Structures are given as C-alpha cells and as structure tokens.
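Coordinates from input.txt are shown below (compact mmCIF, C-alpha atoms and all ligand atoms).
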# COMPACT_ATOMS: atom_id res chain seq x y z
CA MET A 1 31.89 -20.88 18.77
CA ASN A 2 34.00 -18.30 20.67
CA LEU A 3 32.76 -15.94 23.32
CA LYS A 4 32.23 -13.07 20.87
CA THR A 5 30.07 -15.05 18.41
CA LEU A 6 28.21 -16.57 21.35
CA GLY A 7 27.53 -13.05 22.63
CA LEU A 8 26.31 -11.91 19.20
CA ALA A 9 24.07 -14.97 18.87
CA PHE A 10 22.61 -14.15 22.29
CA LEU A 11 21.99 -10.53 21.25
CA ASP A 12 20.26 -11.72 18.06
CA LEU A 13 18.01 -13.84 20.21
CA VAL A 14 17.07 -11.03 22.60
CA PHE A 15 16.99 -8.24 20.00
CA PRO A 16 16.31 -9.86 16.59
CA PRO A 17 17.88 -7.71 13.84
CA ARG A 18 15.28 -5.49 12.14
CA GLU A 19 14.90 -6.86 8.65
CA ALA A 20 12.94 -5.50 5.78
CA CYS A 21 10.37 -7.11 3.46
CA PRO A 22 12.06 -7.39 0.03
CA PHE A 23 8.95 -5.97 -1.65
CA CYS A 24 7.72 -3.06 0.50
CA GLY A 25 10.67 -2.47 2.86
CA GLY A 26 8.35 -2.89 5.87
CA ASN A 27 9.21 -4.90 8.96
CA SER A 28 9.55 -8.63 8.49
CA THR A 29 11.39 -11.48 10.14
CA GLY A 30 14.31 -13.08 8.35
CA ALA A 31 13.99 -10.72 5.35
CA GLN A 32 10.97 -12.70 4.18
CA VAL A 33 8.00 -11.26 2.33
CA CYS A 34 5.74 -9.55 4.92
CA ALA A 35 2.16 -10.68 5.59
CA ASP A 36 0.64 -7.73 3.66
CA CYS A 37 2.70 -8.37 0.52
CA ARG A 38 2.03 -12.10 0.75
CA ARG A 39 -1.70 -11.36 0.82
CA THR A 40 -1.33 -9.05 -2.20
CA MET A 41 0.56 -11.74 -4.13
CA GLU A 42 -2.02 -14.41 -3.26
CA GLY A 43 -4.80 -12.05 -4.36
CA TYR A 44 -3.24 -11.80 -7.83
CA LEU A 45 -3.86 -15.52 -8.34
CA ARG A 46 -7.61 -14.82 -8.16
CA GLU A 47 -7.57 -11.88 -10.62
CA PRO A 48 -9.35 -12.57 -13.94
CA PHE A 49 -6.90 -13.00 -16.83
CA CYS A 50 -6.91 -14.14 -20.46
CA SER A 51 -6.71 -17.94 -20.36
CA VAL A 52 -4.22 -17.90 -23.28
CA CYS A 53 -1.75 -15.00 -22.84
CA GLY A 54 -2.36 -14.50 -19.11
CA ARG A 55 -2.82 -10.72 -19.31
CA TYR A 56 -5.20 -9.25 -16.75
CA PHE A 57 -8.49 -7.64 -17.66
CA THR A 58 -9.60 -4.10 -16.93
CA GLY A 59 -13.06 -2.54 -16.64
CA SER A 60 -16.01 -4.46 -18.01
CA GLY A 61 -13.87 -7.41 -19.10
CA ARG A 62 -13.20 -8.49 -15.52
CA HIS A 63 -14.14 -12.14 -15.92
CA MET A 64 -12.28 -15.12 -17.34
CA HIS A 65 -12.28 -15.29 -21.14
CA ILE A 66 -9.87 -15.16 -24.08
CA CYS A 67 -8.69 -11.62 -24.90
CA LYS A 68 -9.26 -9.94 -28.27
CA ASP A 69 -5.60 -10.25 -29.39
CA CYS A 70 -5.60 -14.01 -28.67
CA ARG A 71 -9.00 -14.48 -30.38
CA GLU A 72 -7.96 -12.59 -33.52
CA THR A 73 -4.52 -14.17 -34.02
CA PRO A 74 -3.63 -17.59 -32.67
CA ARG A 75 -0.55 -17.43 -30.44
CA PRO A 76 2.47 -19.64 -31.21
CA PHE A 77 2.73 -20.47 -27.48
CA LEU A 78 0.25 -22.77 -25.72
CA LEU A 79 -0.35 -20.45 -22.78
CA ALA A 80 1.39 -17.86 -20.64
CA ARG A 81 1.00 -16.81 -17.02
CA ALA A 82 2.44 -14.19 -14.67
CA ALA A 83 2.74 -13.75 -10.91
CA GLY A 84 0.35 -10.78 -11.20
CA PRO A 85 -0.40 -7.50 -13.02
CA TYR A 86 2.41 -5.08 -13.85
CA GLU A 87 1.49 -2.41 -11.30
CA GLY A 88 2.01 -1.56 -7.62
CA LEU A 89 4.08 -4.17 -5.81
CA LEU A 90 5.17 -6.12 -8.88
CA LYS A 91 6.01 -3.04 -10.97
CA ASP A 92 8.19 -1.71 -8.12
CA ALA A 93 9.86 -5.09 -7.70
CA VAL A 94 10.58 -5.53 -11.43
CA HIS A 95 12.01 -1.98 -11.54
CA GLY A 96 14.12 -2.71 -8.46
CA LEU A 97 15.50 -5.85 -10.09
CA LYS A 98 16.12 -4.28 -13.52
CA PHE A 99 17.22 -0.76 -12.76
CA HIS A 100 18.44 -0.76 -9.15
CA ASN A 101 20.37 -4.03 -9.20
CA LYS A 102 18.25 -5.57 -6.41
CA ARG A 103 18.99 -9.09 -7.58
CA GLY A 104 17.70 -10.62 -4.36
CA LEU A 105 14.18 -9.82 -5.59
CA ALA A 106 14.47 -12.50 -8.31
CA SER A 107 13.80 -15.39 -5.91
CA HIS A 108 10.72 -13.68 -4.40
CA LEU A 109 9.31 -12.85 -7.83
CA ALA A 110 10.03 -16.40 -8.99
CA ALA A 111 8.04 -17.78 -6.03
CA GLY A 112 4.95 -15.94 -7.33
CA MET A 113 5.65 -17.10 -10.88
CA VAL A 114 5.91 -20.74 -9.82
CA ALA A 115 2.64 -20.41 -7.85
CA ALA A 116 0.91 -19.16 -11.03
CA ALA A 117 2.42 -21.98 -13.10
CA ARG A 118 1.43 -24.64 -10.57
CA ALA A 119 -2.21 -23.52 -10.83
CA GLU A 120 -2.21 -24.69 -14.47
CA THR A 121 -1.76 -28.34 -15.49
CA GLY A 122 -0.25 -27.36 -18.86
CA PHE A 123 3.00 -26.46 -17.10
CA ASN A 124 3.46 -30.06 -15.90
CA ARG A 125 4.68 -31.00 -19.36
CA VAL A 126 7.63 -28.58 -19.39
CA SER A 127 11.10 -30.18 -19.61
CA ALA A 128 13.39 -27.09 -19.58
CA VAL A 129 13.33 -23.38 -18.75
CA VAL A 130 14.53 -20.89 -21.40
CA PRO A 131 15.20 -17.23 -20.51
CA VAL A 132 14.33 -14.48 -23.01
CA PRO A 133 17.81 -13.33 -24.05
CA MET A 134 19.23 -9.82 -24.04
CA SER A 135 21.44 -8.48 -26.84
CA PRO A 136 25.20 -8.53 -26.04
CA GLY A 137 25.29 -4.71 -26.11
CA ARG A 138 22.41 -4.33 -23.63
CA LEU A 139 23.94 -7.06 -21.44
CA ARG A 140 27.27 -5.15 -21.28
CA GLU A 141 25.37 -2.01 -20.26
CA ARG A 142 23.34 -3.62 -17.48
CA GLY A 143 25.78 -6.33 -16.40
CA PHE A 144 23.05 -8.97 -16.08
CA ASN A 145 19.89 -10.16 -17.74
CA GLN A 146 16.94 -10.05 -15.34
CA ALA A 147 15.19 -12.82 -17.33
CA ASP A 148 18.25 -15.06 -16.71
CA LEU A 149 17.97 -14.47 -12.96
CA LEU A 150 14.22 -15.19 -12.93
CA ALA A 151 14.60 -18.26 -15.17
CA GLY A 152 17.40 -19.56 -12.92
CA GLU A 153 15.20 -19.30 -9.84
CA VAL A 154 12.18 -20.84 -11.61
CA SER A 155 14.25 -23.75 -12.96
CA ALA A 156 15.76 -24.42 -9.51
CA THR A 157 12.33 -24.39 -7.83
CA LEU A 158 10.73 -26.63 -10.46
CA GLY A 159 13.80 -28.90 -10.62
CA LEU A 160 14.14 -28.40 -14.37
CA PRO A 161 17.28 -27.60 -16.40
CA LEU A 162 18.00 -23.99 -17.37
CA LEU A 163 18.54 -23.90 -21.13
CA LYS A 164 19.94 -20.69 -22.63
CA ALA A 165 18.88 -21.84 -26.07
CA VAL A 166 17.98 -18.50 -27.68
CA ARG A 167 20.33 -15.66 -28.65
CA LYS A 168 19.34 -12.08 -29.38
CA ILE A 169 21.19 -11.17 -32.54
CA LYS A 170 19.60 -7.81 -33.31
CA GLU A 171 19.20 -4.77 -31.09
CA THR A 172 15.54 -3.73 -30.98
CA PRO A 173 14.19 -0.30 -30.02
CA ALA A 174 12.33 0.09 -26.71
CA GLN A 175 8.95 -1.62 -27.11
CA THR A 176 6.96 0.78 -24.97
CA GLY A 177 4.33 3.03 -26.50
CA ILE A 178 4.08 1.26 -29.87
CA GLY A 179 1.36 -0.98 -31.26
CA ARG A 180 1.37 -4.74 -31.64
CA ARG A 181 2.09 -4.72 -35.39
CA GLN A 182 5.09 -2.40 -35.06
CA ARG A 183 6.45 -4.50 -32.18
CA GLN A 184 6.19 -7.63 -34.31
CA LYS A 185 8.05 -5.87 -37.13
CA ASN A 186 10.82 -4.70 -34.79
CA LEU A 187 11.32 -8.23 -33.48
CA GLN A 188 11.61 -9.88 -36.90
CA GLY A 189 15.01 -11.60 -37.13
CA ALA A 190 15.92 -10.49 -33.60
CA PHE A 191 16.44 -14.01 -32.19
CA ASP A 192 18.07 -17.26 -33.23
CA VAL A 193 18.68 -20.75 -31.80
CA PRO A 194 22.37 -21.64 -32.32
CA ASP A 195 21.98 -25.33 -31.34
CA ARG A 196 18.72 -26.73 -32.67
CA SER A 197 19.38 -30.18 -31.20
CA SER A 198 19.14 -28.69 -27.68
CA VAL A 199 15.46 -27.84 -28.18
CA HIS A 200 14.35 -30.57 -30.58
CA GLY A 201 11.12 -32.28 -29.51
CA ARG A 202 11.05 -30.53 -26.13
CA VAL A 203 8.29 -28.69 -24.23
CA LEU A 204 9.91 -25.40 -23.21
CA LEU A 205 9.00 -22.74 -20.68
CA VAL A 206 10.11 -19.27 -21.81
CA VAL A 207 10.70 -16.85 -18.93
CA ASP A 208 10.66 -13.06 -19.18
CA ASP A 209 10.30 -10.22 -16.67
CA VAL A 210 7.17 -8.59 -18.13
CA ILE A 211 4.60 -9.63 -20.74
CA THR A 212 3.21 -6.45 -22.29
CA THR A 213 1.62 -7.40 -25.62
CA ALA A 214 3.23 -10.87 -25.58
CA GLY A 215 5.07 -9.86 -28.77
CA THR A 216 8.50 -10.86 -27.41
CA LEU A 217 7.14 -14.18 -26.19
CA GLU A 218 5.57 -14.76 -29.62
CA ALA A 219 8.88 -14.07 -31.38
CA VAL A 220 10.88 -16.35 -29.04
CA ALA A 221 8.22 -19.09 -29.17
CA GLY A 222 8.18 -18.84 -32.98
CA ILE A 223 11.96 -19.27 -33.29
CA LEU A 224 11.96 -22.20 -30.81
CA LEU A 225 9.17 -23.99 -32.70
CA ALA A 226 10.96 -23.36 -36.00
CA ALA A 227 14.08 -24.93 -34.42
CA GLY A 228 12.10 -28.09 -33.59
CA ALA A 229 10.66 -27.52 -30.09
CA SER A 230 7.35 -29.36 -29.73
CA LEU A 231 5.55 -26.84 -27.51
CA VAL A 232 6.25 -23.50 -25.83
CA LEU A 233 4.71 -21.97 -22.71
CA GLY A 234 5.47 -18.59 -21.16
CA LEU A 235 5.96 -17.31 -17.61
CA ALA A 236 6.68 -13.75 -16.44
CA ALA A 237 7.00 -11.88 -13.18
CA ALA A 238 4.22 -9.53 -14.29
CA SER A 239 1.92 -8.97 -17.22
CA GLY A 240 0.02 -6.00 -18.59
CA ARG A 241 -3.69 -5.41 -18.65
CA THR A 242 -5.96 -5.60 -21.64
CA GLY A 243 -9.44 -4.15 -21.99
CA LEU A 244 -11.27 -6.90 -23.85
ZN ZN A 301 5.97 -6.23 2.31
ZN ZN A 302 -4.82 -13.12 -24.45
Show me, as structure tokens, the structure contained in the file I just sent.
Amino acid sequence: MNLKTLGLAFLDLVFPPREACPFCGGNSTGAQVCADCRRTMEGYLREPFCSVCGRYFTGSGRHMHICKDCRETPRPFLLARAAGPYEGLLKDAVHGLKFHNKRGLASHLAAGMVAAARAETGFNRVSAVVPVPMSPGRLRERGFNQADLLAGEVSATLGLPLLKAVRKIKETPAQTGIGRRQRQKNLQGAFDVPDRSSVHGRVLLVVDDVITTAGTLEAVAGILLAAGASLVLGLAAASGRTGL
C-alpha cells in the first residue's frame, strides 16, 4: 500500500463515503439496503397471498386462501411465490432493473425472492433454476434479460445450476391490460425446449421478474412438463394482487 492509498483509506475511515440504498436512494452504509427498506421487505413476507400462485390479496380477501383463478383452473406449476407485491418499493426496483439498466438491483431483489422461497418447503425439492426467456428481438433491443439476471442471482444463492432450458420462439404483444384468456391465447406456441434431456425428470424453479396473471409461468411450466420435467415451481421479484 503506498502513501496515497493509505491516505485514502484513512479518509474513508474518518469520513465514510456517502452511499445510497439501492432501493430508495436514502443513506446507507456500504450500499446495502437501508433499515426502512429492509423492514418493508420483511413485512411483505407476512402479507396474505394465494397459497398456489402467490399473488397478494386486496380488500375483503386479505387472509390466506386459494384465489379464484387457481380454484377454477388447476395450475400446471406446483406453487409460485414472490418477494412481495408489485407496487411501491418493488415496482420501482423492477422498473429500475428493466428500463433504467440498474442491474445491481438484481441481487437485492433476489435476496427477497430467496427469503420467500425458503419460507416454503416445496422449494427444497428444486434441482435447477430456469429463467423465463425473452425473444431474440426483444433481447437485442434491451441488451439483457432481467429474468436471466434474477435467475442467476437466485441460483448462486441457492447453490443450484442455472439452466436456460426454454427459448422464446414467438414475439408476443405486451400482456398488460388484457384478460387471462387472451393472454393464454397470445402465449400459445411462444416457447420451446430445444434439449428435452436437460429437463427430463427434474424439479425446476422458473424465475421471472413479475407474476401478473401467472399466464407466462403457466405457459413455461406447461412446455417444461411436456418436455419431461417432473415438477415446476415459480419465483418472481414481485407479483400482482387479486381480489378473491
Ligand atoms: Zn432504502
Ligand atoms: Zn392463485
């Protein structure tokens, strides 16, 4: 260590550099999540959600049960969870990651996702982590797939292999503002599994950024099961709310 670096190290000690919380931008030490945001994230783990798809309840449905969509049509995945509802802190963070290239947020979001997964014994059976793919055209536009980044962090934390087993072979229109049936129709034939042997007999954890109706997760789970996977679970940074 020369005199200059020694001097800088001393300055850091006396005047620690002001670093910002990755979520709210507020003061924090070592660019870690600040105490307020940590409390918010921990609070999400106690929010009532559908025990199948993991979406959070609104209004009168604010207690643990199975949501109407999951009661009416059985899901192809065993269960899905998210770090919290797609609003406030998590909505901002997912937007930052997707649209403002704040890739450093992936590890902090993944920490919340892993906490949600660890609260559920079903996730113990997972043997590989599969990101929801992006079409090649969309990937060229954005330069990265946020689900890849999240899946990479989740797989590293859980010590499980990252398996990019699914390809998106059809561009699909934006899924916002349309009903469940139309979403399902749009996603028909959108995905494939080029190497079926890579998924055969395995319990797979599909990772996405947001679960809205769980239509994308259903389509990806369906194609993985058809390719021979034995079970599929889902995990997202955030999930929507449902009334019933
Ligand atoms: Zn914060
Ligand atoms: Zn549900």
Please extract the residues at most 12 Å from ligand ZN 302 (chain A), counting all atoms listed in the file, and provide them as a CSV table (one decimal) with C-alpha atoms, keeping the file's coordinate frame, using the chain letters and residue numbers of this document.
chain,number,residue,atom,x,y,z
A,48,PRO,CA,-9.4,-12.6,-13.9
A,49,PHE,CA,-6.9,-13.0,-16.8
A,50,CYS,CA,-6.9,-14.1,-20.5
A,51,SER,CA,-6.7,-17.9,-20.4
A,52,VAL,CA,-4.2,-17.9,-23.3
A,53,CYS,CA,-1.8,-15.0,-22.8
A,54,GLY,CA,-2.4,-14.5,-19.1
A,55,ARG,CA,-2.8,-10.7,-19.3
A,56,TYR,CA,-5.2,-9.2,-16.8
A,57,PHE,CA,-8.5,-7.6,-17.7
A,61,GLY,CA,-13.9,-7.4,-19.1
A,64,MET,CA,-12.3,-15.1,-17.3
A,65,HIS,CA,-12.3,-15.3,-21.1
A,66,ILE,CA,-9.9,-15.2,-24.1
A,67,CYS,CA,-8.7,-11.6,-24.9
A,68,LYS,CA,-9.3,-9.9,-28.3
A,69,ASP,CA,-5.6,-10.2,-29.4
A,70,CYS,CA,-5.6,-14.0,-28.7
A,71,ARG,CA,-9.0,-14.5,-30.4
A,72,GLU,CA,-8.0,-12.6,-33.5
A,73,THR,CA,-4.5,-14.2,-34.0
A,74,PRO,CA,-3.6,-17.6,-32.7
A,75,ARG,CA,-0.6,-17.4,-30.4
A,76,PRO,CA,2.5,-19.6,-31.2
A,77,PHE,CA,2.7,-20.5,-27.5
A,78,LEU,CA,0.2,-22.8,-25.7
A,79,LEU,CA,-0.4,-20.4,-22.8
A,80,ALA,CA,1.4,-17.9,-20.6
A,81,ARG,CA,1.0,-16.8,-17.0
A,211,ILE,CA,4.6,-9.6,-20.7
A,212,THR,CA,3.2,-6.4,-22.3
A,213,THR,CA,1.6,-7.4,-25.6
A,214,ALA,CA,3.2,-10.9,-25.6
A,215,GLY,CA,5.1,-9.9,-28.8
A,218,GLU,CA,5.6,-14.8,-29.6
A,239,SER,CA,1.9,-9.0,-17.2
A,240,GLY,CA,0.0,-6.0,-18.6
A,241,ARG,CA,-3.7,-5.4,-18.6
A,242,THR,CA,-6.0,-5.6,-21.6
A,243,GLY,CA,-9.4,-4.2,-22.0
A,244,LEU,CA,-11.3,-6.9,-23.8
Handout entry: Contacts of Pro173 (chain A) at 12 Å (all atoms listed in the file; same-chain gap of 2+ positions) as a ChimeraX atom specification
Key = /A:135,138,170-171,175-178,182-187,190
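Relative to CA of Pro131 (chain A), CA of Met41 (chain A) is found at 22.6 Å.
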Chain A residues near ligand ZN 301 (chain A) within 12 Å, closest pair each, using all atoms listed in the file, as a Markdown table:
| residue | atom | partner | partner_atom | distance |
| --- | --- | --- | --- | --- |
| A:Glu19 | CA | A:ZN301 | ZN | 11.0 |
| A:Ala20 | CA | A:ZN301 | ZN | 7.8 |
| A:Cys21 | CA | A:ZN301 | ZN | 4.6 |
| A:Pro22 | CA | A:ZN301 | ZN | 6.6 |
| A:Phe23 | CA | A:ZN301 | ZN | 5.0 |
| A:Cys24 | CA | A:ZN301 | ZN | 4.0 |
| A:Gly25 | CA | A:ZN301 | ZN | 6.0 |
| A:Gly26 | CA | A:ZN301 | ZN | 5.4 |
| A:Asn27 | CA | A:ZN301 | ZN | 7.5 |
| A:Ser28 | CA | A:ZN301 | ZN | 7.5 |
| A:Thr29 | CA | A:ZN301 | ZN | 10.9 |
| A:Ala31 | CA | A:ZN301 | ZN | 9.7 |
| A:Gln32 | CA | A:ZN301 | ZN | 8.4 |
| A:Val33 | CA | A:ZN301 | ZN | 5.4 |
| A:Cys34 | CA | A:ZN301 | ZN | 4.2 |
| A:Ala35 | CA | A:ZN301 | ZN | 6.7 |
| A:Asp36 | CA | A:ZN301 | ZN | 5.7 |
| A:Cys37 | CA | A:ZN301 | ZN | 4.3 |
| A:Arg38 | CA | A:ZN301 | ZN | 7.2 |
| A:Arg39 | CA | A:ZN301 | ZN | 9.3 |
| A:Thr40 | CA | A:ZN301 | ZN | 9.0 |
| A:Met41 | CA | A:ZN301 | ZN | 10.1 |
| A:Gly88 | CA | A:ZN301 | ZN | 11.7 |
| A:Leu89 | CA | A:ZN301 | ZN | 8.6 |
| A:Leu90 | CA | A:ZN301 | ZN | 11.2 |
| A:Asp92 | CA | A:ZN301 | ZN | 11.6 |
| A:Ala93 | CA | A:ZN301 | ZN | 10.8 |
| A:Leu105 | CA | A:ZN301 | ZN | 11.9 |
| A:His108 | CA | A:ZN301 | ZN | 11.1 |
Fill in the blank from the handout: One decimal place gives the CA of Val126 (chain A)-CA of Arg180 (chain A) separation as 27.5 Å
Completion exercise
Using only C-alpha atoms, the shortest atom-to-atom distance to Val94 (chain A) among A:Ala147, A:Leu224, A:Val206, A:Ala116 belongs to A:Ala147
Problem - Atom pair CA of Leu109 (chain A) / CA of Ala83 (chain A): separation (Å) - result: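 Calculated distance between CA of Leu109 (chain A) and CA of Ala83 (chain A) is 7.3 Å.
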Practice task
Using all atoms listed in the file, collect all residues at a distance of at most 8 Å from (18.4, -13.3, -7.1) as written in the file, then present them as a count of residues only.
Solution key: 9
Exercise for the section: Pick out the closest residue to Gly222 (chain A) from this set: A:Val193, A:Leu235, A:Ala82, A:Ala117. Count all atoms listed in the file. Expected result: A:Val193
Problem - Which residue of A:Leu158, A:Val166, A:Ala237, A:Ala119 approaches Met134 (chain A) most closely, using all atoms listed in the file - result: A:Val166
Practice task
For Gly152 (chain A), please output as an NGL selection string all residues within 10 Å (counting only C-alpha atoms; exclusion window: fewer than 3 positions along the same chain).
Solution key: :A and (106-107 or 110 or 129-131 or 146-149 or 155-157 or 160-163 or 207)
Practice task
Compare A:Phe123, A:Tyr44, A:Tyr86, A:Phe191 by their minimum atom-to-atom distance to Asp209 (chain A), counting all atoms listed in the file, and give me the closest one.
Solution key: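 With all atoms listed in the file as the atom set, the closest residue is A:Tyr86.
Comparing A:Glu120, A:Glu42, A:Glu141, A:Glu87 by their smallest distance to Leu233 (chain A), the closest is A:Glu120 (using all atoms listed in the file).
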